[in-house]
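Below is the file model_15.pdb, which contains PDB, C-alpha atoms.
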```pdb
MODEL        1
ATOM      1  CA  MET B 250    -159.762  76.602-114.864
ATOM      2  CA  THR B 251    -156.104  76.272-115.710
ATOM      3  CA  GLU B 252    -155.813  73.768-118.499
ATOM      4  CA  ARG B 253    -155.311  70.192-117.402
ATOM      5  CA  HIS B 254    -153.941  69.345-120.786
ATOM      6  CA  VAL B 255    -150.282  70.313-121.074
ATOM      7  CA  PRO B 256    -149.292  71.012-124.675
ATOM      8  CA  PRO B 257    -146.310  69.084-126.023
ATOM      9  CA  LEU B 258    -142.927  70.843-126.117
ATOM     10  CA  ARG B 259    -142.946  70.600-129.894
ATOM     11  CA  HIS B 260    -145.879  73.026-130.134
ATOM     12  CA  TYR B 261    -144.053  75.737-128.234
ATOM     13  CA  LEU B 262    -140.891  75.332-130.280
ATOM     14  CA  LEU B 263    -142.826  75.447-133.551
ATOM     15  CA  VAL B 264    -144.614  78.629-132.516
ATOM     16  CA  TRP B 265    -141.316  80.209-131.492
ATOM     17  CA  ALA B 266    -139.747  79.242-134.815
ATOM     18  CA  GLY B 267    -142.707  80.771-136.624
ATOM     19  CA  LEU B 268    -142.395  83.974-134.614
ATOM     20  CA  VAL B 269    -138.685  84.341-135.368
ATOM     21  CA  LEU B 270    -139.323  83.591-139.033
ATOM     22  CA  LEU B 271    -142.007  86.275-139.160
ATOM     23  CA  ALA B 272    -139.687  88.743-137.435
ATOM     24  CA  LEU B 273    -136.953  88.154-139.990
ATOM     25  CA  THR B 274    -139.504  88.345-142.813
ATOM     26  CA  THR B 275    -140.803  91.698-141.695
ATOM     27  CA  ALA B 276    -137.235  92.972-141.382
ATOM     28  CA  GLY B 277    -136.372  91.732-144.861
ATOM     29  CA  SER B 278    -139.557  92.912-146.513
ATOM     30  CA  ALA B 279    -138.876  96.417-145.235
ATOM     31  CA  TYR B 280    -136.038  96.633-147.739
ATOM     32  CA  VAL B 281    -138.238  95.638-150.690
ATOM     33  CA  PRO B 282    -139.695  98.770-152.296
ATOM     34  CA  MET B 283    -143.453  98.395-152.110
ATOM     35  CA  GLY B 284    -144.484 101.962-151.261
ATOM     36  CA  ALA B 285    -147.375 102.175-148.858
ATOM     37  CA  PHE B 286    -147.748  98.406-148.985
ATOM     38  CA  ASN B 287    -144.626  98.019-146.819
ATOM     39  CA  THR B 288    -146.570  99.405-143.878
ATOM     40  CA  VAL B 289    -149.497  97.083-144.590
ATOM     41  CA  VAL B 290    -147.190  94.057-144.698
ATOM     42  CA  ASN B 291    -145.383  95.089-141.508
ATOM     43  CA  PHE B 292    -148.634  95.592-139.645
ATOM     44  CA  ALA B 293    -150.101  92.325-140.910
ATOM     45  CA  ILE B 294    -146.991  90.413-139.820
ATOM     46  CA  ALA B 295    -147.023  92.138-136.423
ATOM     47  CA  ALA B 296    -150.686  91.223-135.975
ATOM     48  CA  ALA B 297    -149.936  87.619-136.937
ATOM     49  CA  LYS B 298    -147.104  87.456-134.379
ATOM     50  CA  ALA B 299    -149.328  88.929-131.678
ATOM     51  CA  LEU B 300    -152.054  86.401-132.461
ATOM     52  CA  LEU B 301    -149.555  83.525-132.274
ATOM     53  CA  VAL B 302    -148.346  84.706-128.859
ATOM     54  CA  MET B 303    -151.903  85.152-127.617
ATOM     55  CA  ALA B 304    -153.234  81.856-128.974
ATOM     56  CA  PHE B 305    -150.372  79.553-128.001
ATOM     57  CA  PHE B 306    -148.177  81.174-125.349
ATOM     58  CA  MET B 307    -151.064  82.831-123.534
ATOM     59  CA  HIS B 308    -153.218  79.727-124.033
ATOM     60  CA  LEU B 309    -156.208  81.460-125.566
ATOM     61  CA  ARG B 310    -156.516  78.578-127.992
ATOM     62  CA  GLN B 311    -157.618  76.324-125.146
ATOM     63  CA  ALA B 312    -159.511  79.003-123.278
ATOM     64  CA  ASP B 313    -163.244  79.345-122.825
ATOM     65  CA  ALA B 314    -165.273  82.119-124.456
ATOM     66  CA  LEU B 315    -165.285  84.348-121.371
ATOM     67  CA  ARG B 316    -161.505  84.494-121.214
ATOM     68  CA  ARG B 317    -161.278  85.218-124.933
ATOM     69  CA  ILE B 318    -163.757  88.074-124.553
ATOM     70  CA  PHE B 319    -161.706  89.555-121.711
ATOM     71  CA  ALA B 320    -158.576  89.148-123.819
ATOM     72  CA  GLY B 321    -160.097  90.809-126.849
ATOM     73  CA  ALA B 322    -161.755  93.691-125.029
ATOM     74  CA  GLY B 323    -158.721  95.945-124.783
ATOM     75  CA  PHE B 324    -157.728  95.414-128.393
ATOM     76  CA  PHE B 325    -161.312  95.942-129.546
ATOM     77  CA  TRP B 326    -161.285  99.316-127.780
ATOM     78  CA  LEU B 327    -157.942 100.168-129.416
ATOM     79  CA  ALA B 328    -159.366  99.296-132.834
ATOM     80  CA  LEU B 329    -162.230 101.705-132.170
ATOM     81  CA  LEU B 330    -159.836 104.442-131.090
ATOM     82  CA  LEU B 331    -157.531 104.104-134.081
ATOM     83  CA  GLY B 332    -160.305 103.371-136.576
ATOM     84  CA  LEU B 333    -162.442 106.329-135.647
ATOM     85  CA  MET B 334    -159.366 108.561-135.622
ATOM     86  CA  LEU B 335    -158.614 107.476-139.178
ATOM     87  CA  THR B 336    -162.111 108.358-140.354
ATOM     88  CA  ASP B 337    -161.225 111.905-139.389
ATOM     89  CA  LEU B 338    -157.528 112.083-140.261
ATOM     90  CA  LEU B 339    -157.779 110.500-143.684
ATOM     91  CA  VAL B 340    -160.370 112.948-145.002
ATOM     92  CA  ARG B 341    -158.672 116.155-143.920
TER      93      ARG B 341
ATOM     94  CA  MET U 239    -145.043  70.041-102.793
ATOM     95  CA  ASN U 240    -147.759  72.665-102.768
ATOM     96  CA  ARG U 241    -151.170  71.466-103.769
ATOM     97  CA  ALA U 242    -153.724  73.705-105.381
ATOM     98  CA  ALA U 243    -156.332  72.637-102.824
ATOM     99  CA  ASP U 244    -154.291  74.213-100.016
ATOM    100  CA  HIS U 245    -154.691  77.681-101.487
ATOM    101  CA  VAL U 246    -158.443  78.039-102.069
ATOM    102  CA  ALA U 247    -159.887  81.248-100.624
ATOM    103  CA  LEU U 248    -163.237  81.321 -98.857
ATOM    104  CA  GLN U 249    -165.322  82.723-101.694
ATOM    105  CA  PHE U 250    -164.399  80.054-104.244
ATOM    106  CA  ASP U 251    -165.970  76.631-104.639
ATOM    107  CA  ASP U 252    -162.718  74.992-105.654
ATOM    108  CA  ALA U 253    -159.190  75.628-106.866
ATOM    109  CA  GLY U 254    -160.264  75.544-110.493
ATOM    110  CA  GLN U 255    -162.758  78.333-110.042
ATOM    111  CA  GLN U 256    -160.199  80.385-108.142
ATOM    112  CA  ALA U 257    -157.656  79.905-110.901
ATOM    113  CA  GLN U 258    -160.139  80.983-113.535
ATOM    114  CA  ALA U 259    -161.052  84.098-111.561
ATOM    115  CA  ALA U 260    -157.363  84.937-111.207
ATOM    116  CA  THR U 261    -156.756  84.605-114.925
ATOM    117  CA  LEU U 262    -159.776  86.721-115.822
ATOM    118  CA  GLY U 263    -158.550  89.355-113.390
ATOM    119  CA  MET U 264    -155.139  89.344-115.030
ATOM    120  CA  TRP U 265    -156.656  89.697-118.486
ATOM    121  CA  ALA U 266    -158.694  92.648-117.200
ATOM    122  CA  PHE U 267    -155.429  94.208-116.026
ATOM    123  CA  LEU U 268    -153.817  93.516-119.406
ATOM    124  CA  ALA U 269    -156.741  95.323-121.032
ATOM    125  CA  THR U 270    -155.863  98.349-118.899
ATOM    126  CA  GLU U 271    -152.290  98.045-120.171
ATOM    127  CA  VAL U 272    -153.688  98.303-123.698
ATOM    128  CA  LEU U 273    -155.514 101.419-122.507
ATOM    129  CA  PHE U 274    -152.180 102.660-121.188
ATOM    130  CA  PHE U 275    -150.251 102.225-124.436
ATOM    131  CA  GLY U 276    -153.201 102.814-126.749
ATOM    132  CA  PRO U 277    -153.202 106.628-126.779
ATOM    133  CA  LEU U 278    -149.481 106.587-127.572
ATOM    134  CA  PHE U 279    -150.206 104.422-130.601
ATOM    135  CA  ALA U 280    -152.902 106.925-131.535
ATOM    136  CA  ALA U 281    -150.442 109.813-131.187
ATOM    137  CA  TYR U 282    -148.009 107.902-133.397
ATOM    138  CA  LEU U 283    -150.701 107.367-136.026
ATOM    139  CA  ALA U 284    -151.760 111.003-136.147
ATOM    140  CA  THR U 285    -148.211 112.388-136.165
ATOM    141  CA  ARG U 286    -146.981 109.979-138.814
ATOM    142  CA  LEU U 287    -149.880 110.866-141.124
ATOM    143  CA  HIS U 288    -148.889 114.502-140.817
ATOM    144  CA  HIS U 289    -145.157 113.966-141.352
ATOM    145  CA  PRO U 290    -144.687 111.021-143.751
ATOM    146  CA  ASP U 291    -141.349 112.168-145.212
ATOM    147  CA  ALA U 292    -139.859 113.012-141.840
ATOM    148  CA  TRP U 293    -140.947 109.612-140.556
ATOM    149  CA  ALA U 294    -138.977 107.659-143.131
ATOM    150  CA  GLU U 295    -135.964 109.896-142.620
ATOM    151  CA  ALA U 296    -136.089 109.577-138.831
ATOM    152  CA  SER U 297    -136.543 105.813-138.920
ATOM    153  CA  GLY U 298    -133.390 105.564-140.985
ATOM    154  CA  HIS U 299    -131.377 106.725-137.984
ATOM    155  CA  THR U 300    -132.572 103.956-135.698
ATOM    156  CA  ASP U 301    -130.358 100.900-135.303
ATOM    157  CA  VAL U 302    -132.324  98.240-137.204
ATOM    158  CA  LEU U 303    -129.803  95.495-136.411
ATOM    159  CA  LEU U 304    -130.055  96.040-132.666
ATOM    160  CA  GLY U 305    -133.814  96.440-132.945
ATOM    161  CA  THR U 306    -134.148  93.133-134.770
ATOM    162  CA  ILE U 307    -131.924  91.343-132.280
ATOM    163  CA  GLU U 308    -133.990  92.808-129.432
ATOM    164  CA  THR U 309    -137.146  91.515-131.102
ATOM    165  CA  VAL U 310    -135.762  87.992-131.358
ATOM    166  CA  VAL U 311    -134.531  88.214-127.746
ATOM    167  CA  LEU U 312    -138.009  89.120-126.483
ATOM    168  CA  LEU U 313    -139.717  86.481-128.629
ATOM    169  CA  THR U 314    -137.352  83.888-127.163
ATOM    170  CA  SER U 315    -138.081  85.158-123.662
ATOM    171  CA  SER U 316    -141.774  84.543-124.307
ATOM    172  CA  LEU U 317    -140.877  80.979-125.224
ATOM    173  CA  THR U 318    -138.853  80.445-122.047
ATOM    174  CA  VAL U 319    -141.564  81.852-119.784
ATOM    175  CA  ALA U 320    -144.211  79.719-121.528
ATOM    176  CA  LEU U 321    -141.984  76.678-121.025
ATOM    177  CA  ALA U 322    -141.472  77.694-117.382
ATOM    178  CA  LEU U 323    -145.226  77.551-116.851
ATOM    179  CA  ARG U 324    -145.322  74.210-118.643
ATOM    180  CA  ALA U 325    -142.588  72.871-116.377
ATOM    181  CA  GLY U 326    -144.639  74.012-113.398
ATOM    182  CA  GLN U 327    -147.729  72.263-114.725
ATOM    183  CA  LEU U 328    -145.652  69.100-115.108
ATOM    184  CA  GLY U 329    -144.538  69.353-111.478
ATOM    185  CA  ARG U 330    -140.930  70.315-112.176
ATOM    186  CA  PRO U 331    -140.372  73.452-110.044
ATOM    187  CA  ARG U 332    -136.579  73.509-110.392
ATOM    188  CA  ARG U 333    -136.763  73.310-114.150
ATOM    189  CA  SER U 334    -139.379  76.048-114.019
ATOM    190  CA  ALA U 335    -137.016  78.178-111.930
ATOM    191  CA  ALA U 336    -134.208  77.684-114.452
ATOM    192  CA  LEU U 337    -136.464  78.706-117.343
ATOM    193  CA  LEU U 338    -137.647  81.746-115.408
ATOM    194  CA  GLY U 339    -134.008  82.619-114.833
ATOM    195  CA  ALA U 340    -133.401  82.367-118.567
ATOM    196  CA  THR U 341    -136.358  84.691-119.170
ATOM    197  CA  VAL U 342    -134.921  87.233-116.740
ATOM    198  CA  ALA U 343    -131.527  86.985-118.456
ATOM    199  CA  LEU U 344    -133.108  87.607-121.854
ATOM    200  CA  GLY U 345    -135.056  90.555-120.439
ATOM    201  CA  LEU U 346    -131.850  92.040-119.068
ATOM    202  CA  ALA U 347    -130.134  91.459-122.411
ATOM    203  CA  PHE U 348    -132.957  93.364-124.094
ATOM    204  CA  LEU U 349    -132.503  96.308-121.725
ATOM    205  CA  VAL U 350    -128.724  96.341-122.184
ATOM    206  CA  LEU U 351    -129.032  96.325-125.984
ATOM    207  CA  HIS U 352    -131.621  99.051-125.802
ATOM    208  CA  GLY U 353    -129.324 101.033-123.559
ATOM    209  CA  PHE U 354    -126.667 100.895-126.252
ATOM    210  CA  GLU U 355    -129.187 102.224-128.739
ATOM    211  CA  TYR U 356    -130.057 105.129-126.481
ATOM    212  CA  LEU U 357    -126.354 105.809-125.975
ATOM    213  CA  HIS U 358    -125.682 105.976-129.713
ATOM    214  CA  GLU U 359    -128.664 108.214-130.278
ATOM    215  CA  TRP U 360    -127.482 110.497-127.498
ATOM    216  CA  GLN U 361    -124.074 110.741-129.144
ATOM    217  CA  GLU U 362    -125.680 111.514-132.510
ATOM    218  CA  GLY U 363    -127.804 114.258-130.972
ATOM    219  CA  LEU U 364    -131.166 112.650-131.535
ATOM    220  CA  VAL U 365    -132.685 113.128-128.087
ATOM    221  CA  PRO U 366    -135.379 115.844-128.138
ATOM    222  CA  VAL U 367    -135.251 118.474-125.385
ATOM    223  CA  LEU U 368    -132.018 117.123-123.932
ATOM    224  CA  ARG U 369    -129.683 116.863-126.906
ATOM    225  CA  PHE U 370    -131.174 117.339-130.341
ATOM    226  CA  GLY U 371    -128.979 118.628-133.122
ATOM    227  CA  TYR U 372    -130.723 117.347-136.215
ATOM    228  CA  ASP U 373    -130.976 119.765-139.125
ATOM    229  CA  GLY U 374    -132.726 119.811-142.464
ATOM    230  CA  PRO U 375    -136.147 120.509-143.942
ATOM    231  CA  HIS U 376    -137.810 117.697-141.961
ATOM    232  CA  ALA U 377    -136.130 118.380-138.618
ATOM    233  CA  HIS U 378    -139.410 119.152-136.864
ATOM    234  CA  GLY U 379    -141.020 115.878-137.942
ATOM    235  CA  VAL U 380    -137.861 113.955-137.065
ATOM    236  CA  GLU U 381    -137.935 115.472-133.610
ATOM    237  CA  LEU U 382    -141.561 114.403-133.164
ATOM    238  CA  PHE U 383    -140.615 110.884-134.258
ATOM    239  CA  TYR U 384    -137.955 110.720-131.596
ATOM    240  CA  TYR U 385    -140.251 112.133-128.923
ATOM    241  CA  LEU U 386    -142.562 109.207-129.557
ATOM    242  CA  TYR U 387    -139.651 106.794-129.895
ATOM    243  CA  TYR U 388    -138.267 107.624-126.453
ATOM    244  CA  ILE U 389    -141.614 107.822-124.720
ATOM    245  CA  MET U 390    -142.967 104.574-126.163
ATOM    246  CA  THR U 391    -139.816 102.480-125.986
ATOM    247  CA  GLY U 392    -139.007 104.036-122.605
ATOM    248  CA  LEU U 393    -142.420 103.171-121.188
ATOM    249  CA  HIS U 394    -142.002  99.707-122.653
ATOM    250  CA  ALA U 395    -138.567  99.356-121.042
ATOM    251  CA  VAL U 396    -140.083 100.255-117.661
ATOM    252  CA  HIS U 397    -142.578  97.444-118.191
ATOM    253  CA  VAL U 398    -139.729  95.061-119.055
ATOM    254  CA  LEU U 399    -137.985  96.071-115.834
ATOM    255  CA  VAL U 400    -141.117  95.422-113.767
ATOM    256  CA  GLY U 401    -141.524  92.078-115.538
ATOM    257  CA  ILE U 402    -137.941  91.167-114.695
ATOM    258  CA  GLY U 403    -138.655  91.881-111.040
ATOM    259  CA  VAL U 404    -141.826  89.799-111.032
ATOM    260  CA  LEU U 405    -140.290  86.887-112.937
ATOM    261  CA  GLY U 406    -137.166  86.979-110.781
ATOM    262  CA  THR U 407    -139.393  86.671-107.712
ATOM    263  CA  MET U 408    -141.217  83.782-109.366
ATOM    264  CA  ALA U 409    -137.887  82.102-110.096
ATOM    265  CA  VAL U 410    -136.917  82.232-106.424
ATOM    266  CA  LEU U 411    -140.343  80.950-105.345
ATOM    267  CA  ALA U 412    -140.180  78.131-107.875
ATOM    268  CA  TRP U 413    -136.678  77.153-106.780
ATOM    269  CA  ARG U 414    -137.985  76.837-103.235
ATOM    270  CA  GLY U 415    -140.914  74.763-104.412
ATOM    271  CA  ARG U 416    -143.496  77.333-103.320
ATOM    272  CA  VAL U 417    -144.884  77.538-106.852
ATOM    273  CA  GLY U 418    -144.662  75.435-109.999
ATOM    274  CA  CYS U 419    -145.665  72.222-108.356
ATOM    275  CA  GLY U 420    -149.436  71.912-108.374
ATOM    276  CA  TYR U 421    -149.966  75.617-107.701
ATOM    277  CA  ASP U 422    -149.182  77.482-110.881
ATOM    278  CA  THR U 423    -151.481  80.508-110.833
ATOM    279  CA  PRO U 424    -148.803  83.087-109.911
ATOM    280  CA  LEU U 425    -146.590  81.693-112.691
ATOM    281  CA  GLU U 426    -149.410  81.862-115.184
ATOM    282  CA  LEU U 427    -150.290  85.457-114.337
ATOM    283  CA  ALA U 428    -146.671  86.605-114.433
ATOM    284  CA  GLY U 429    -146.307  84.897-117.792
ATOM    285  CA  LEU U 430    -149.366  86.666-119.179
ATOM    286  CA  TYR U 431    -147.872  90.009-118.193
ATOM    287  CA  TRP U 432    -144.589  89.167-119.878
ATOM    288  CA  HIS U 433    -146.305  88.061-123.079
ATOM    289  CA  LEU U 434    -148.170  91.354-123.290
ATOM    290  CA  VAL U 435    -144.893  93.242-122.900
ATOM    291  CA  ASP U 436    -143.597  91.142-125.798
ATOM    292  CA  ILE U 437    -146.698  91.930-127.876
ATOM    293  CA  VAL U 438    -146.231  95.667-127.340
ATOM    294  CA  TRP U 439    -142.673  95.382-128.663
ATOM    295  CA  ILE U 440    -143.883  93.279-131.600
ATOM    296  CA  PHE U 441    -145.727  96.387-132.759
ATOM    297  CA  LEU U 442    -143.144  98.979-131.667
ATOM    298  CA  TYR U 443    -140.434  97.294-133.735
ATOM    299  CA  PRO U 444    -141.892  97.893-137.227
ATOM    300  CA  MET U 445    -143.334 101.238-136.120
ATOM    301  CA  PHE U 446    -139.938 102.736-135.342
ATOM    302  CA  TYR U 447    -137.274 100.649-137.036
ATOM    303  CA  LEU U 448    -138.766  99.672-140.387
ATOM    304  CA  VAL U 449    -140.294 102.856-141.827
ATOM    305  CA  GLY U 450    -139.157 103.832-145.301
ATOM    306  CA  ARG U 451    -136.209 101.465-145.400
ATOM    307  CA  ALA U 452    -136.747 100.549-149.068
TER     308      ALA U 452
ENDMDL
END
```
What is this file in structure tokens?
Amino acid sequence: MTERHVPPLRHYLLVWAGLVLLALTTAGSAYVPMGAFNTVVNFAIAAAKALLVMAFFMHLRQADALRRIFAGAGFFWLALLLGLMLTDLLVR
Amino acid sequence: MNRAADHVALQFDDAGQQAQAATLGMWAFLATEVLFFGPLFAAYLATRLHHPDAWAEASGHTDVLLGTIETVVLLTSSLTVALALRAGQLGRPRRSAALLGATVALGLAFLVLHGFEYLHEWQEGLVPVLRFGYDGPHAHGVELFYYLYYIMTGLHAVHVLVGIGVLGTMAVLAWRGRVGCGYDTPLELAGLYWHLVDIVWIFLYPMFYLVGRA
């Protein structure tokens, strides 16, 4: 069911502002020497941005469980692919 | 004004059920898009682990300013397409059409900026197979970086182009009042596609532009 409740404009603008802020933060943090932690920070920020887009722009926040499961399925598979690869690659 | 009740197919009880089925179907398709890009992310992971020094060196030759601007452009386009859907839900098809037009414009801007990047990299001889003149101890790893860079950003750009076509069509339909006025499912599905394209770039950006910058 497409949501009857239409979110206020303010919500969308706030999310957008947060996304842009995160983008600038990840760009800036890349120039701070943190060694391997730079990659961790960049990935964490990217994941946060993706979650914001999925929750608010793609309306998963208001969605029922079935839709969230469908939404998560592809990424769950990707986590398996990359995670299991790492269990091999990191111990070579 | 189109009403949702006019569009219910035989197998559905009501418009709401049809809309939910459509959205689930779109999410299933988006999962296949993750399957599409996923192995490329895996290739990136494996290759980067094997060539850490080359990766930082190669990333230094990407245009981080353009890449950052492109990121903000796509994030803004996700906002405009989300607002276009909202306008449709509020029964404002012309406003929806305008916002869809803005999304298309931002998508085109992204492609143009990216084109400039490709042009500069061509001139610098950083295009594997076609024009690669990079030298040094890490040249092999740098070349692998750029293989992945062109394949992943290129595949992404194709998706942006498809999205522009779909959203442009939606804009025309909305302008004519065929969608965005009680019947929003096509808008919603097109928006979902566009958001996924944005999410892919959200990850591509730090992967290629922000490695070893410190």
**OP:** Apply the PyMOL selection byres ((chain U and resi 304) around 10) to the file shown and report the selected residues as a ChimeraX atom specification.
**Re:** /U:300-303,305-310,348,351-352,354-355,447
Running the ChimeraX specification (/U :<8) & /B on this model by hand, what would come out? Give it as a compact mmCIF listing (two decimals) with C-alpha atoms, keeping the file's coordinate frame.
```txt
# COMPACT_ATOMS: atom_id res chain seq x y z
CA MET B 250 -159.76 76.60 -114.86
CA THR B 251 -156.10 76.27 -115.71
CA VAL B 255 -150.28 70.31 -121.07
CA PRO B 256 -149.29 71.01 -124.68
CA LEU B 258 -142.93 70.84 -126.12
CA TYR B 261 -144.05 75.74 -128.23
CA LEU B 262 -140.89 75.33 -130.28
CA TRP B 265 -141.32 80.21 -131.49
CA LEU B 268 -142.40 83.97 -134.61
CA VAL B 269 -138.68 84.34 -135.37
CA ALA B 272 -139.69 88.74 -137.44
CA LEU B 273 -136.95 88.15 -139.99
CA THR B 275 -140.80 91.70 -141.70
CA ALA B 276 -137.24 92.97 -141.38
CA ALA B 279 -138.88 96.42 -145.24
CA TYR B 280 -136.04 96.63 -147.74
CA VAL B 281 -138.24 95.64 -150.69
CA PRO B 282 -139.70 98.77 -152.30
CA MET B 283 -143.45 98.40 -152.11
CA THR B 288 -146.57 99.40 -143.88
CA ASN B 291 -145.38 95.09 -141.51
CA PHE B 292 -148.63 95.59 -139.65
CA ALA B 295 -147.02 92.14 -136.42
CA ALA B 296 -150.69 91.22 -135.98
CA LYS B 298 -147.10 87.46 -134.38
CA ALA B 299 -149.33 88.93 -131.68
CA VAL B 302 -148.35 84.71 -128.86
CA MET B 303 -151.90 85.15 -127.62
CA PHE B 306 -148.18 81.17 -125.35
CA MET B 307 -151.06 82.83 -123.53
CA ARG B 316 -161.50 84.49 -121.21
CA PHE B 319 -161.71 89.56 -121.71
CA ALA B 320 -158.58 89.15 -123.82
CA ALA B 322 -161.76 93.69 -125.03
CA GLY B 323 -158.72 95.94 -124.78
CA PHE B 324 -157.73 95.41 -128.39
CA LEU B 327 -157.94 100.17 -129.42
CA LEU B 330 -159.84 104.44 -131.09
CA LEU B 331 -157.53 104.10 -134.08
CA MET B 334 -159.37 108.56 -135.62
CA LEU B 338 -157.53 112.08 -140.26
```
Original post:
Which residues come within 12 Å of U:Asp373, counting all atoms listed in the file, excluding same-chain residues fewer than 6 positions away, as number ranges by chain?
Top reply: U: 292, 295-296, 362-364, 379-381
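For the structure in this document, the set picked by the PyMOL selection byres ((chain U and resi 346) around 12) is Glu308, Val311, Leu312, Ser315, Gly339, Ala340, Thr341, Val342, Ala343, Leu344, Gly345, Ala347, Phe348, Leu349, Val350, Leu351, His352, Gly353, Ala395, Val396, Val398, Leu399, Val400, Gly401, Ile402, Gly403, Leu405 and Gly406 of chain U.
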Original post:
In Å, how far is it from atom CA of U:Gly329 to atom CA of B:Asp313?
Top reply: 24.1 Å
**OP:** Considering all atoms listed in the file, state which residue in the set U:Ala294, U:Leu393, U:Val435, U:Leu425 is at the smallest distance from B:Gly284.
**Re:**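 With all atoms listed in the file as the atom set, the closest residue is U:Ala294.
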Subject >> Point-to-point distance from atom CA of B:Ala285 to atom CA of U:Phe446, Å rounded to tenths >> reply: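 Interatomic distance, atom CA of B:Ala285 to atom CA of U:Phe446: 15.4 Å.
Each of U:Thr391, U:Phe383, U:Leu337, U:Ala322 was checked against U:Tyr356 using only C-alpha atoms; the smallest atom-to-atom distance is that of U:Thr391.
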For B:Val290, list every protein, DNA or RNA residue within 8 Å, evaluated using all atoms listed in the file, and leave out those in the same chain fewer than 3 positions away; present the list as a PDB file with C-alpha atoms, in the coordinates of the input.
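File out03.pdb, as written:
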```
ATOM      1  CA  THR B 275    -140.803  91.698-141.695  1.00  0.00           C
ATOM      2  CA  SER B 278    -139.557  92.912-146.513  1.00  0.00           C
ATOM      3  CA  PHE B 286    -147.748  98.406-148.985  1.00  0.00           C
ATOM      4  CA  ASN B 287    -144.626  98.019-146.819  1.00  0.00           C
ATOM      5  CA  ALA B 293    -150.101  92.325-140.910  1.00  0.00           C
ATOM      6  CA  ILE B 294    -146.991  90.413-139.820  1.00  0.00           C
TER       7      ILE B 294
END
```
**OP:** Go ahead and compute the interatomic distance for atom CA of U:Gly415 and atom CA of U:His245, in Å to one decimal.
**Re:** 14.4 Å
Centre, x/y/z edge lengths, axis-aligned box for stretch 369-386 of chain U with 6 Å per side, as AutoDock Vina command-line options:
```
--center_x -135.8 --center_y 114.9 --center_z -135.4 --size_x 25.6 --size_y 23.3 --size_z 29.0
```
